[in-house]
>>> print(open('protein.cif').read())   # mmCIF, C-alpha atoms
data_structure
#
loop_
_atom_site.label_atom_id
_atom_site.label_comp_id
_atom_site.auth_asym_id
_atom_site.auth_seq_id
_atom_site.Cartn_x
_atom_site.Cartn_y
_atom_site.Cartn_z
CA MET R 14 209.02 132.50 53.03
CA THR R 15 205.34 132.68 53.97
CA ASP R 16 202.96 129.86 54.75
CA ALA R 17 200.83 128.64 51.88
CA PRO R 18 197.24 129.84 52.12
CA VAL R 19 194.69 127.40 53.46
CA PRO R 20 192.11 126.56 50.76
CA ARG R 21 188.62 127.89 51.39
CA GLY R 22 186.41 125.36 53.14
CA SER R 23 189.32 123.39 54.63
CA SER R 24 190.58 123.36 58.20
CA SER R 25 194.12 124.07 59.27
CA PRO R 26 196.02 121.47 61.36
CA LEU R 27 195.76 123.87 64.31
CA ASP R 28 191.97 124.05 63.93
CA LEU R 29 191.69 120.27 63.72
CA ALA R 30 193.93 119.79 66.76
CA ASP R 31 191.86 122.29 68.74
CA MET R 32 188.65 120.57 67.71
CA ARG R 33 190.03 117.17 68.73
CA ARG R 34 191.16 118.61 72.07
CA ARG R 35 187.71 120.06 72.73
CA ILE R 36 185.90 116.87 71.72
CA ARG R 37 188.19 114.74 73.88
CA ALA R 38 187.64 117.00 76.89
CA ILE R 39 183.86 117.00 76.35
CA PHE R 40 183.90 113.20 75.99
CA ILE R 41 185.83 112.64 79.21
CA GLY R 42 183.77 115.19 81.08
CA SER R 43 180.60 113.56 79.80
CA ILE R 44 181.71 110.03 80.72
CA GLY R 45 182.39 111.14 84.27
CA ASN R 46 178.96 112.72 84.37
CA LEU R 47 177.41 109.45 83.15
CA VAL R 48 179.09 107.50 85.95
CA GLU R 49 177.89 109.97 88.58
CA TRP R 50 174.31 109.76 87.38
CA TYR R 51 174.47 105.97 87.09
CA ASP R 52 175.52 105.77 90.74
CA PHE R 53 172.80 108.18 91.80
CA TYR R 54 169.99 106.50 89.83
CA ALA R 55 170.93 102.93 90.65
CA TYR R 56 169.08 103.70 93.87
CA ALA R 57 165.89 104.63 92.00
CA ALA R 58 166.17 101.69 89.58
CA PHE R 59 166.57 99.09 92.35
CA ALA R 60 164.32 100.67 94.98
CA LEU R 61 161.53 98.28 93.99
CA TYR R 62 163.77 95.46 95.18
CA PHE R 63 165.61 96.70 98.27
CA ALA R 64 162.94 98.92 99.86
CA GLY R 65 161.62 96.01 101.93
CA ALA R 66 165.10 95.27 103.29
CA PHE R 67 165.35 98.74 104.85
CA PHE R 68 161.68 99.68 105.37
CA PRO R 69 159.68 96.61 106.49
CA ASN R 70 155.97 97.18 105.83
CA GLU R 71 153.22 95.06 104.30
CA ASP R 72 152.07 97.83 101.95
CA PRO R 73 154.40 98.10 98.90
CA VAL R 74 153.26 101.68 98.25
CA VAL R 75 154.37 102.69 101.77
CA GLN R 76 157.70 100.91 101.24
CA GLN R 77 158.29 102.81 98.02
CA LEU R 78 157.21 106.06 99.66
CA ASN R 79 159.82 105.57 102.41
CA ALA R 80 162.49 104.77 99.82
CA ALA R 81 161.42 107.81 97.79
CA LEU R 82 161.78 110.03 100.86
CA LEU R 83 165.42 108.96 101.14
CA PHE R 84 165.81 109.54 97.41
CA ALA R 85 164.54 113.06 98.09
CA ALA R 86 167.05 113.41 100.94
CA GLY R 87 169.83 113.11 98.38
CA PHE R 88 168.32 116.15 96.69
CA LEU R 89 167.95 118.20 99.86
CA VAL R 90 171.73 118.39 100.29
CA ARG R 91 172.39 119.14 96.63
CA PRO R 92 172.32 122.92 97.25
CA LEU R 93 175.18 122.48 99.73
CA GLY R 94 177.07 120.50 97.11
CA GLY R 95 176.26 123.16 94.51
CA TRP R 96 177.69 125.85 96.77
CA LEU R 97 180.78 123.89 97.84
CA PHE R 98 181.82 122.61 94.43
CA GLY R 99 180.78 125.84 92.73
CA PHE R 100 183.13 127.72 95.04
CA LEU R 101 185.95 125.26 94.35
CA ALA R 102 185.38 125.33 90.59
CA ASP R 103 185.23 129.13 90.37
CA ASN R 104 188.24 129.71 92.60
CA TYR R 105 190.50 126.71 92.06
CA GLY R 106 189.46 125.28 88.70
CA ARG R 107 186.83 123.12 87.04
CA ARG R 108 189.08 120.05 86.77
CA GLY R 109 189.77 119.66 90.50
CA ALA R 110 186.11 120.07 91.41
CA LEU R 111 185.12 117.42 88.87
CA MET R 112 187.64 114.97 90.30
CA LEU R 113 186.49 115.55 93.88
CA SER R 114 182.81 115.10 93.05
CA VAL R 115 183.30 111.70 91.41
CA SER R 116 185.46 110.55 94.35
CA LEU R 117 182.67 111.37 96.79
CA MET R 118 180.14 109.53 94.64
CA CYS R 119 182.40 106.46 94.66
CA PHE R 120 182.42 106.39 98.46
CA GLY R 121 178.62 106.77 98.70
CA SER R 122 177.97 103.93 96.26
CA LEU R 123 180.39 101.60 98.00
CA MET R 124 178.73 102.38 101.31
CA ILE R 125 175.29 101.36 100.00
CA ALA R 126 176.73 98.18 98.48
CA VAL R 127 177.93 96.86 101.86
CA LEU R 128 175.17 98.16 104.16
CA PRO R 129 173.51 95.64 106.53
CA THR R 130 169.71 95.45 106.30
CA TYR R 131 167.02 96.33 108.85
CA ALA R 132 166.86 92.68 109.91
CA SER R 133 170.54 92.82 110.91
CA ILE R 134 170.97 96.19 112.63
CA GLY R 135 167.45 97.60 112.96
CA ILE R 136 166.80 101.31 112.61
CA ALA R 137 170.50 101.97 111.98
CA ALA R 138 170.11 100.46 108.48
CA PRO R 139 167.83 103.16 107.00
CA ILE R 140 169.82 105.83 108.87
CA LEU R 141 173.09 104.70 107.28
CA LEU R 142 171.35 104.43 103.92
CA GLY R 143 170.32 108.04 104.38
CA VAL R 144 173.93 109.03 105.12
CA ALA R 145 175.09 107.37 101.92
CA ARG R 146 172.39 109.17 99.95
CA ILE R 147 173.48 112.47 101.49
CA LEU R 148 177.05 111.89 100.32
CA GLN R 149 175.78 111.09 96.84
CA GLY R 150 173.59 114.18 96.92
CA LEU R 151 176.54 116.40 97.84
CA SER R 152 178.52 114.92 94.97
CA LEU R 153 175.76 115.34 92.43
CA GLY R 154 174.94 118.84 93.62
CA GLY R 155 178.46 119.85 92.70
CA GLU R 156 178.63 117.77 89.55
CA TYR R 157 175.81 119.50 87.69
CA GLY R 158 177.05 123.08 87.88
CA THR R 159 180.68 122.18 87.39
CA SER R 160 180.13 119.82 84.45
CA ALA R 161 177.63 122.19 82.79
CA THR R 162 180.20 124.97 83.09
CA TYR R 163 183.05 122.79 81.85
CA LEU R 164 181.19 121.41 78.82
CA THR R 165 179.89 124.84 77.83
CA GLU R 166 183.29 126.52 78.17
CA MET R 167 185.02 123.79 76.18
CA ALA R 168 182.54 124.04 73.27
CA ASP R 169 182.97 126.51 70.43
CA LYS R 170 180.42 129.31 70.12
CA GLU R 171 178.68 127.98 67.02
CA HIS R 172 177.98 124.52 68.49
CA ARG R 173 177.54 125.32 72.18
CA GLY R 174 173.96 124.03 72.32
CA PHE R 175 174.87 120.77 70.60
CA TYR R 176 177.91 119.95 72.74
CA SER R 177 176.37 121.00 76.04
CA SER R 178 173.36 118.77 75.32
CA PHE R 179 175.65 115.84 76.02
CA GLN R 180 175.33 116.62 79.70
CA TYR R 181 171.78 115.30 79.56
CA VAL R 182 172.81 112.59 77.10
CA THR R 183 175.10 111.24 79.79
CA LEU R 184 172.67 112.08 82.59
CA ILE R 185 169.99 109.98 80.90
CA GLY R 186 172.71 107.51 79.91
CA GLY R 187 173.44 106.96 83.58
CA GLN R 188 169.83 105.99 84.14
CA ILE R 189 169.94 103.72 81.10
CA CYS R 190 173.03 101.96 82.43
CA ALA R 191 171.31 101.44 85.78
CA LEU R 192 168.27 99.95 84.06
CA LEU R 193 170.46 97.80 81.78
CA VAL R 194 172.13 96.31 84.84
CA LEU R 195 168.68 95.62 86.29
CA LEU R 196 167.47 94.12 83.01
CA VAL R 197 170.50 91.83 82.69
CA LEU R 198 170.12 90.66 86.27
CA GLN R 199 166.38 90.06 85.73
CA ARG R 200 166.64 88.26 82.41
CA VAL R 201 169.98 86.42 82.61
CA PHE R 202 171.53 85.91 86.00
CA LEU R 203 169.07 86.16 88.90
CA THR R 204 165.47 85.60 89.82
CA ASN R 205 163.40 88.43 91.27
CA ASP R 206 163.65 86.82 94.70
CA GLU R 207 167.46 86.69 94.44
CA ILE R 208 167.60 90.34 93.42
CA ARG R 209 165.47 91.25 96.44
CA ALA R 210 167.60 89.12 98.75
CA TRP R 211 171.10 90.27 97.73
CA GLY R 212 171.35 91.03 94.01
CA TRP R 213 170.40 94.68 94.50
CA ARG R 214 173.91 95.25 95.91
CA ILE R 215 175.60 94.42 92.59
CA PRO R 216 174.86 97.74 90.80
CA PHE R 217 176.36 99.74 93.65
CA PHE R 218 179.61 97.74 93.52
CA ILE R 219 179.68 98.35 89.76
CA GLY R 220 179.07 102.06 90.34
CA ALA R 221 181.96 102.36 92.78
CA LEU R 222 184.30 100.69 90.28
CA LEU R 223 183.15 102.92 87.42
CA ALA R 224 183.67 106.00 89.58
CA VAL R 225 187.30 105.01 90.11
CA ILE R 226 187.74 104.68 86.33
CA ALA R 227 186.10 108.08 85.80
CA LEU R 228 188.43 109.63 88.38
CA ILE R 229 191.47 108.31 86.53
CA MET R 230 190.13 109.70 83.24
CA ARG R 231 189.37 113.11 84.74
CA ARG R 232 192.94 113.46 85.92
CA THR R 233 193.89 113.98 82.26
CA LEU R 234 191.46 116.86 81.67
CA HIS R 235 192.77 120.30 80.72
CA GLU R 236 191.51 123.38 82.50
CA THR R 237 189.22 125.59 80.40
CA GLU R 238 190.63 128.67 78.68
CA ALA R 239 187.85 130.79 80.17
CA PHE R 240 188.88 129.91 83.73
CA GLU R 241 192.57 130.46 82.98
CA SER R 242 191.77 133.89 81.52
CA ALA R 243 189.64 134.83 84.52
CA LYS R 244 192.26 133.59 86.95
CA ALA R 245 194.90 135.76 85.33
CA THR R 246 192.86 138.95 85.58
CA ILE R 247 190.69 138.64 88.70
CA LYS R 248 191.83 138.08 92.26
CA ARG R 249 190.06 135.49 94.40
CA THR R 250 187.08 136.70 96.45
CA SER R 251 183.97 135.22 98.05
CA SER R 252 181.94 133.58 95.29
CA MET R 253 178.70 134.07 97.21
CA ARG R 254 179.39 137.78 97.51
CA VAL R 255 179.98 137.98 93.77
CA LEU R 256 176.86 135.90 93.07
CA MET R 257 174.77 138.46 94.98
CA ASN R 258 175.53 140.89 92.16
CA TYR R 259 173.43 138.75 89.79
CA PRO R 260 170.00 138.42 91.47
CA ARG R 261 168.09 138.50 88.18
CA GLU R 262 170.16 135.68 86.71
CA VAL R 263 169.77 133.58 89.88
CA LEU R 264 165.99 134.01 89.80
CA LEU R 265 165.97 133.10 86.11
CA VAL R 266 167.75 129.82 86.86
CA VAL R 267 165.14 129.03 89.51
CA GLY R 268 162.23 129.95 87.26
CA LEU R 269 163.35 128.17 84.13
CA THR R 270 164.28 125.03 86.11
CA ALA R 271 161.15 124.52 88.25
CA GLY R 272 158.80 123.15 85.61
CA GLY R 273 161.49 121.35 83.65
CA THR R 274 162.90 119.43 86.59
CA ALA R 275 159.42 118.41 87.80
CA ALA R 276 158.65 117.06 84.33
CA PHE R 277 162.02 115.34 83.96
CA TYR R 278 161.78 113.42 87.22
CA THR R 279 158.16 112.53 86.54
CA TYR R 280 159.09 110.78 83.29
CA THR R 281 162.29 109.19 84.59
CA THR R 282 162.58 108.14 88.24
CA TYR R 283 158.86 108.18 89.04
CA MET R 284 157.77 106.59 85.77
CA GLN R 285 159.23 103.21 86.73
CA LYS R 286 157.07 103.14 89.87
CA PHE R 287 154.06 104.55 87.98
CA LEU R 288 154.20 101.79 85.39
CA LYS R 289 154.38 99.15 88.10
CA LEU R 290 151.94 100.50 90.70
CA SER R 291 149.43 102.45 88.59
CA VAL R 292 149.53 100.99 85.07
CA GLY R 293 150.00 97.44 86.35
CA LEU R 294 152.85 96.25 84.13
CA THR R 295 155.04 93.36 85.26
CA ASP R 296 158.56 93.92 86.60
CA ASN R 297 160.14 92.98 83.27
CA GLN R 298 157.68 95.08 81.26
CA THR R 299 158.27 98.06 83.54
CA THR R 300 162.03 97.85 83.08
CA SER R 301 161.78 97.34 79.30
CA VAL R 302 159.38 100.26 78.72
CA THR R 303 161.37 102.61 80.95
CA LEU R 304 164.61 101.64 79.23
CA ALA R 305 163.19 102.04 75.71
CA ALA R 306 161.75 105.46 76.59
CA LEU R 307 165.09 106.63 77.99
CA VAL R 308 166.90 105.48 74.83
CA PHE R 309 164.40 107.47 72.78
CA GLY R 310 164.92 110.49 75.02
CA ILE R 311 168.70 110.30 74.80
CA CYS R 312 168.53 110.42 70.99
CA LEU R 313 166.51 113.64 71.12
CA GLN R 314 169.02 115.61 73.22
CA PRO R 315 171.72 116.41 70.60
CA ILE R 316 169.04 116.98 67.94
CA TYR R 317 167.30 119.59 70.05
CA GLY R 318 170.65 121.05 71.11
CA ALA R 319 171.68 121.49 67.47
CA ILE R 320 168.32 123.10 66.70
CA SER R 321 168.95 125.65 69.47
CA ASP R 322 172.23 126.60 67.78
CA ARG R 323 170.15 127.52 64.72
CA ILE R 324 167.02 129.16 66.11
CA GLY R 325 168.07 130.13 69.65
CA ARG R 326 167.37 128.72 73.09
CA LYS R 327 164.21 130.65 73.94
CA TRP R 328 161.95 129.11 71.29
CA LEU R 329 162.71 125.57 72.44
CA LEU R 330 161.94 126.48 76.05
CA ILE R 331 158.67 128.11 75.03
CA ALA R 332 157.73 125.03 72.98
CA PHE R 333 158.33 122.85 76.06
CA GLY R 334 156.25 125.16 78.23
CA VAL R 335 153.26 125.38 75.88
CA THR R 336 153.08 121.67 75.02
CA GLY R 337 153.76 120.70 78.64
CA VAL R 338 150.82 122.75 79.85
CA LEU R 339 148.52 121.42 77.12
CA PHE R 340 149.42 117.73 77.15
CA SER R 341 150.76 116.66 80.59
CA ILE R 342 147.34 115.80 82.02
CA PRO R 343 146.09 113.98 78.86
CA ILE R 344 149.31 111.95 78.58
CA LEU R 345 149.36 110.82 82.23
CA THR R 346 145.61 110.16 82.35
CA THR R 347 145.74 108.06 79.18
CA LEU R 348 148.89 106.28 80.33
CA GLN R 349 147.23 105.19 83.56
CA ALA R 350 144.48 103.45 81.59
CA VAL R 351 146.56 101.67 78.90
CA ASN R 352 146.88 97.92 78.54
CA GLY R 353 150.28 96.60 77.53
CA PRO R 354 153.81 97.92 77.18
CA LEU R 355 153.67 99.28 73.60
CA PRO R 356 151.04 102.01 74.13
CA ALA R 357 152.78 102.88 77.41
CA PHE R 358 156.07 103.38 75.56
CA LEU R 359 154.44 105.51 72.84
CA LEU R 360 152.89 107.85 75.42
CA ILE R 361 156.15 108.25 77.35
CA ALA R 362 157.98 108.86 74.06
CA ALA R 363 155.50 111.64 73.31
CA ALA R 364 156.26 113.10 76.73
CA TRP R 365 159.99 112.99 75.95
CA MET R 366 159.42 115.00 72.77
CA ILE R 367 157.98 117.69 75.03
CA VAL R 368 160.45 117.52 77.93
CA SER R 369 163.52 117.53 75.66
CA GLY R 370 162.81 121.15 74.81
CA TYR R 371 164.02 121.84 78.35
CA THR R 372 166.53 119.06 79.10
CA SER R 373 168.62 119.44 75.94
CA ILE R 374 169.54 123.10 76.49
CA ASN R 375 169.00 123.93 80.14
CA ALA R 376 172.71 123.60 80.94
CA VAL R 377 173.87 125.95 78.20
CA VAL R 378 171.14 128.50 78.96
CA LYS R 379 172.23 128.73 82.59
CA ALA R 380 175.93 128.87 81.75
CA GLU R 381 175.31 131.66 79.24
CA LEU R 382 173.67 133.76 81.96
CA PHE R 383 176.80 134.18 84.12
CA PRO R 384 180.36 135.49 83.63
CA THR R 385 183.28 133.12 84.15
CA ARG R 386 184.11 134.36 87.64
CA VAL R 387 180.89 133.01 89.14
CA ARG R 388 179.59 130.67 86.44
CA ALA R 389 179.90 127.30 88.20
CA LEU R 390 178.29 128.61 91.39
CA GLY R 391 175.66 130.61 89.49
CA VAL R 392 174.65 127.51 87.52
CA GLY R 393 174.98 124.97 90.32
CA LEU R 394 173.55 126.54 93.48
CA PRO R 395 170.16 127.93 92.34
CA TYR R 396 169.67 124.89 90.12
CA ALA R 397 170.34 122.53 93.03
CA LEU R 398 167.95 124.47 95.27
CA THR R 399 165.20 124.28 92.67
CA VAL R 400 165.76 120.59 91.90
CA SER R 401 165.69 119.79 95.62
CA ILE R 402 162.29 121.42 95.97
CA PHE R 403 160.58 120.48 92.72
CA GLY R 404 162.59 117.59 91.24
CA GLY R 405 163.66 115.39 94.12
CA THR R 406 160.20 115.57 95.69
CA ALA R 407 158.33 114.49 92.54
CA ASP R 408 158.48 110.80 93.50
CA SER R 409 157.38 111.41 97.07
CA LEU R 410 154.60 113.80 96.16
CA ALA R 411 153.18 111.57 93.44
CA LEU R 412 153.26 108.51 95.70
CA TRP R 413 151.66 110.47 98.54
CA PHE R 414 148.81 111.62 96.29
CA LYS R 415 148.37 107.99 95.23
CA SER R 416 148.41 106.75 98.84
CA ILE R 417 145.51 109.09 99.76
CA GLY R 418 143.52 108.15 96.67
CA HIS R 419 144.01 111.33 94.61
CA GLU R 420 146.72 110.43 92.11
CA ILE R 421 145.32 112.82 89.50
CA TRP R 422 146.17 115.77 91.73
CA PHE R 423 149.82 115.22 90.84
CA TYR R 424 149.01 115.68 87.15
CA TYR R 425 147.58 119.12 87.87
CA TYR R 426 150.56 119.97 90.07
CA LEU R 427 152.97 119.10 87.24
CA THR R 428 150.99 121.18 84.75
CA GLY R 429 151.01 124.14 87.11
CA MET R 430 154.80 123.95 87.59
CA ILE R 431 155.39 123.89 83.83
CA GLY R 432 153.03 126.85 83.47
CA ILE R 433 155.05 128.89 85.96
CA SER R 434 158.24 128.20 84.01
CA LEU R 435 156.50 129.08 80.75
CA ILE R 436 155.95 132.62 82.05
CA VAL R 437 159.71 132.86 82.71
CA TYR R 438 160.54 131.58 79.22
CA LEU R 439 158.29 134.20 77.65
CA LEU R 440 159.91 137.05 79.58
CA MET R 441 163.60 136.04 79.53
CA ARG R 442 166.16 136.99 76.89
CA ASP R 443 167.52 134.50 74.40
CA THR R 444 170.92 133.63 75.86
CA LYS R 445 172.29 132.51 72.49
CA ALA R 446 172.00 136.06 71.16
CA ASP R 447 172.85 137.75 74.48
CA SER R 448 175.43 135.56 76.19
CA ALA R 449 177.77 136.28 79.08
CA MET R 450 180.25 133.57 78.07
CA HIS R 451 182.85 136.14 76.95
CA ARG R 452 182.73 138.07 80.22
CA HIS R 453 185.23 137.25 82.99
CA GLU R 454 184.38 139.89 85.57
#
>>> encode(input="protein.cif", output="structure tokens")
Amino acid sequence: MTDAPVPRGSSSPLDLADMRRRIRAIFIGSIGNLVEWYDFYAYAAFALYFAGAFFPNEDPVVQQLNAALLFAAGFLVRPLGGWLFGFLADNYGRRGALMLSVSLMCFGSLMIAVLPTYASIGIAAPILLGVARILQGLSLGGEYGTSATYLTEMADKEHRGFYSSFQYVTLIGGQICALLVLLVLQRVFLTNDEIRAWGWRIPFFIGALLAVIALIMRRTLHETEAFESAKATIKRTSSMRVLMNYPREVLLVVGLTAGGTAAFYTYTTYMQKFLKLSVGLTDNQTTSVTLAALVFGICLQPIYGAISDRIGRKWLLIAFGVTGVLFSIPILTTLQAVNGPLPAFLLIAAAWMIVSGYTSINAVVKAELFPTRVRALGVGLPYALTVSIFGGTADSLALWFKSIGHEIWFYYYLTGMIGISLIVYLLMRDTKADSAMHRHE
């Protein structure tokens, strides 16, 4: 007796079960990613409040510059995290690397939550804060490449752009959660003085707790079929040695990331400080505008990801590059001169419509460049190096230009970085049509 044929247009139980398994794995992987980014960006969201506790100085711009330098320190060690966790993910599995990264983030957040201030232990306070940021940077350096690889490998071919876009949905979601905590503390529970005195510790306690929950959830993840297939056919070797066989792909990751990461961190972590110090909005207005813009940006990610599944990745990247070069200076110049939160939000929303051409698909583009054997390291290490140089320094560079009276120089710098990446986008292949996802060598 043979099985009855499945009617055209319907899905078999096996197909539905596989789809549910993939969606569940992508959901859990994404939630863990959200927690990691919440923990990392709680620092940026609350820096306006705790900077004075660790960096005593009468000038608020100098305080924020010092805090931004430590924020950048978390980026400087991300390449080490990208190498370490990329090696673990490519040789021992994506699941274990994801569990380890969220555990390290938990420890870093808890450390910040209980740190004494400069008034209590002097110079040791900013030093220990730097150590905690380094631990968080190591964790996040490994999280990006491993989670990008995991989400891309778990997605089906036809919807790879859509599903992998949820990495930036949860990445931005982490920032939104950090700002929501700040907004609730500002509006409901604490005064600004109370937040500056001790309330800034609350989000880091929350982050440590969420990381524990994410760790428990990640224990239930299944390993990807791509890794299992590669493990069965290829013996373990030095990942770095294998990565050296793909110099073109490594350089592509660097080139396509440089402009995108500079733009992303300009309109996320730096924008909160820009709205406060340059535009002149109040604390509550700054938080509300930043939060609303991030919500708008998060909605764009799956839309742009789905578009890439239709038209390819390259055209979206080119659209980001062209519009970024044309409109970055006008948007930032106009934003600096606006009065009120509504026009500020509209300008940042316009910037998000540009930047999302990069953020929504950058993970899948990088994953599609490398074979399974070296995918996590190939995505994570060169990306982390590039973000450390051009993303993590965006805050510090912008604040430094402002401190010397030439804030507009940063606008030209950002435009130049996007222009460099645009050249790469024009010359690279479309990874949707020419993907290495099926290769395990």
>>> resolve_selection(input="protein.cif", expression="the PyMOL selection byres ((chain R and resi 155) around 12)", output="ChimeraX atom specification")
/R:46,49,88,90-103,107,109-118,148-154,156-162,389-398
>>> write_last_selection(input="protein.cif", atoms="C-alpha atoms", output="CSV table (one decimal), in the frame of the given file")
chain,number,residue,atom,x,y,z
R,46,ASN,CA,179.0,112.7,84.4
R,49,GLU,CA,177.9,110.0,88.6
R,88,PHE,CA,168.3,116.2,96.7
R,90,VAL,CA,171.7,118.4,100.3
R,91,ARG,CA,172.4,119.1,96.6
R,92,PRO,CA,172.3,122.9,97.2
R,93,LEU,CA,175.2,122.5,99.7
R,94,GLY,CA,177.1,120.5,97.1
R,95,GLY,CA,176.3,123.2,94.5
R,96,TRP,CA,177.7,125.8,96.8
R,97,LEU,CA,180.8,123.9,97.8
R,98,PHE,CA,181.8,122.6,94.4
R,99,GLY,CA,180.8,125.8,92.7
R,100,PHE,CA,183.1,127.7,95.0
R,101,LEU,CA,186.0,125.3,94.4
R,102,ALA,CA,185.4,125.3,90.6
R,103,ASP,CA,185.2,129.1,90.4
R,107,ARG,CA,186.8,123.1,87.0
R,109,GLY,CA,189.8,119.7,90.5
R,110,ALA,CA,186.1,120.1,91.4
R,111,LEU,CA,185.1,117.4,88.9
R,112,MET,CA,187.6,115.0,90.3
R,113,LEU,CA,186.5,115.6,93.9
R,114,SER,CA,182.8,115.1,93.0
R,115,VAL,CA,183.3,111.7,91.4
R,116,SER,CA,185.5,110.6,94.4
R,117,LEU,CA,182.7,111.4,96.8
R,118,MET,CA,180.1,109.5,94.6
R,148,LEU,CA,177.0,111.9,100.3
R,149,GLN,CA,175.8,111.1,96.8
R,150,GLY,CA,173.6,114.2,96.9
R,151,LEU,CA,176.5,116.4,97.8
R,152,SER,CA,178.5,114.9,95.0
R,153,LEU,CA,175.8,115.3,92.4
R,154,GLY,CA,174.9,118.8,93.6
R,156,GLU,CA,178.6,117.8,89.6
R,157,TYR,CA,175.8,119.5,87.7
R,158,GLY,CA,177.0,123.1,87.9
R,159,THR,CA,180.7,122.2,87.4
R,160,SER,CA,180.1,119.8,84.4
R,161,ALA,CA,177.6,122.2,82.8
R,162,THR,CA,180.2,125.0,83.1
R,389,ALA,CA,179.9,127.3,88.2
R,390,LEU,CA,178.3,128.6,91.4
R,391,GLY,CA,175.7,130.6,89.5
R,392,VAL,CA,174.6,127.5,87.5
R,393,GLY,CA,175.0,125.0,90.3
R,394,LEU,CA,173.6,126.5,93.5
R,395,PRO,CA,170.2,127.9,92.3
R,396,TYR,CA,169.7,124.9,90.1
R,397,ALA,CA,170.3,122.5,93.0
R,398,LEU,CA,168.0,124.5,95.3
>>> resolve_selection(input="protein.cif", expression="the PyMOL selection byres ((chain R and resi 201-213) around 12)", output="PyMOL selection string")
chain R and resi 55-67+125-130+132+191-200+214-219+295-297
>>> resolve_selection(input="protein.cif", expression="the PyMOL selection byres ((chain R and resi 439) around 12)", output="ChimeraX atom specification")
/R:265,268-269,326-335,432-438,440-443
>>> closest_residue(input="protein.cif", among="R:Pro343, R:Leu348, R:Leu234, R:Glu241", to="R:Lys289", atoms="all atoms listed in the file")
R:Leu348
>>> closest_residue(input="protein.cif", among="R:Ala319, R:Val378, R:Leu427, R:Ala306", to="R:Ala271", atoms="only C-alpha atoms")
R:Leu427
>>> residues_around(input="protein.cif", residues="R:Leu223", least_positions_apart="3", cutoff="9 Å", atoms="all atoms listed in the file", output="VMD selection string")
chain R and resid 45 48 to 49 52 119 218 to 220 226 to 228
>>> write_last_selection(input="protein.cif", atoms="C-alpha atoms", output="CSV table (one decimal), in the frame of the given file")
chain,number,residue,atom,x,y,z
R,45,GLY,CA,182.4,111.1,84.3
R,48,VAL,CA,179.1,107.5,86.0
R,49,GLU,CA,177.9,110.0,88.6
R,52,ASP,CA,175.5,105.8,90.7
R,119,CYS,CA,182.4,106.5,94.7
R,218,PHE,CA,179.6,97.7,93.5
R,219,ILE,CA,179.7,98.4,89.8
R,220,GLY,CA,179.1,102.1,90.3
R,226,ILE,CA,187.7,104.7,86.3
R,227,ALA,CA,186.1,108.1,85.8
R,228,LEU,CA,188.4,109.6,88.4
>>> closest_residue(input="protein.cif", among="R:Asn375, R:Gln188, R:Ser416, R:Ser177", to="R:Thr303", atoms="only C-alpha atoms")
R:Gln188
>>> atom_distance(input="protein.cif", atom1="atom CA of R:Phe120", atom2="atom CA of R:Phe179")
25.3 Å
>>> closest_residue(input="protein.cif", among="R:Ala86, R:Ile316, R:Ala364, R:Leu345", to="R:Ala411", atoms="all atoms listed in the file")
R:Leu345
>>> atom_distance(input="protein.cif", atom1="atom CA of R:Ser43", atom2="atom CA of R:Ala80")
28.4 Å
>>> closest_residue(input="protein.cif", among="R:Gly404, R:Gly429, R:Gly106, R:Pro69", to="R:Glu238", atoms="all atoms listed in the file")
R:Gly106
>>> closest_residue(input="protein.cif", among="R:Ala305, R:Met366, R:Leu382, R:Ala221", to="R:Pro260", atoms="all atoms listed in the file")
R:Leu382
>>> atom_distance(input="protein.cif", atom1="atom CA of R:Gly310", atom2="atom CA of R:Cys190")
13.9 Å
>>> residues_near_point(input="protein.cif", point="(156.9, 112.9, 86.5)", cutoff="9 Å", atoms="only C-alpha atoms", output="list in words")
Thr274, Ala275, Ala276, Phe277, Tyr278, Thr279, Tyr280, Thr281, Thr282, Tyr283, Met284, Phe287, Leu345, Gly404, Ala407, Asp408, Ala411, Phe423, Tyr424 and Leu427 of chain R
>>> write_last_selection(input="protein.cif", atoms="C-alpha atoms", output="mmCIF file, in the coordinates of the input")
data_model
loop_
_atom_site.group_PDB
_atom_site.id
_atom_site.type_symbol
_atom_site.label_atom_id
_atom_site.label_comp_id
_atom_site.auth_asym_id
_atom_site.auth_seq_id
_atom_site.Cartn_x
_atom_site.Cartn_y
_atom_site.Cartn_z
ATOM 1 C CA THR R 274 162.900 119.430 86.590
ATOM 2 C CA ALA R 275 159.420 118.410 87.800
ATOM 3 C CA ALA R 276 158.650 117.060 84.330
ATOM 4 C CA PHE R 277 162.020 115.340 83.960
ATOM 5 C CA TYR R 278 161.780 113.420 87.220
ATOM 6 C CA THR R 279 158.160 112.530 86.540
ATOM 7 C CA TYR R 280 159.090 110.780 83.290
ATOM 8 C CA THR R 281 162.290 109.190 84.590
ATOM 9 C CA THR R 282 162.580 108.140 88.240
ATOM 10 C CA TYR R 283 158.860 108.180 89.040
ATOM 11 C CA MET R 284 157.770 106.590 85.770
ATOM 12 C CA PHE R 287 154.060 104.550 87.980
ATOM 13 C CA LEU R 345 149.360 110.820 82.230
ATOM 14 C CA GLY R 404 162.590 117.590 91.240
ATOM 15 C CA ALA R 407 158.330 114.490 92.540
ATOM 16 C CA ASP R 408 158.480 110.800 93.500
ATOM 17 C CA ALA R 411 153.180 111.570 93.440
ATOM 18 C CA PHE R 423 149.820 115.220 90.840
ATOM 19 C CA TYR R 424 149.010 115.680 87.150
ATOM 20 C CA LEU R 427 152.970 119.100 87.240
#
>>> residues_near_point(input="protein.cif", point="(166.2, 121.6, 77.3)", cutoff="9 Å", atoms="all atoms listed in the file", output="count of residues only")
21
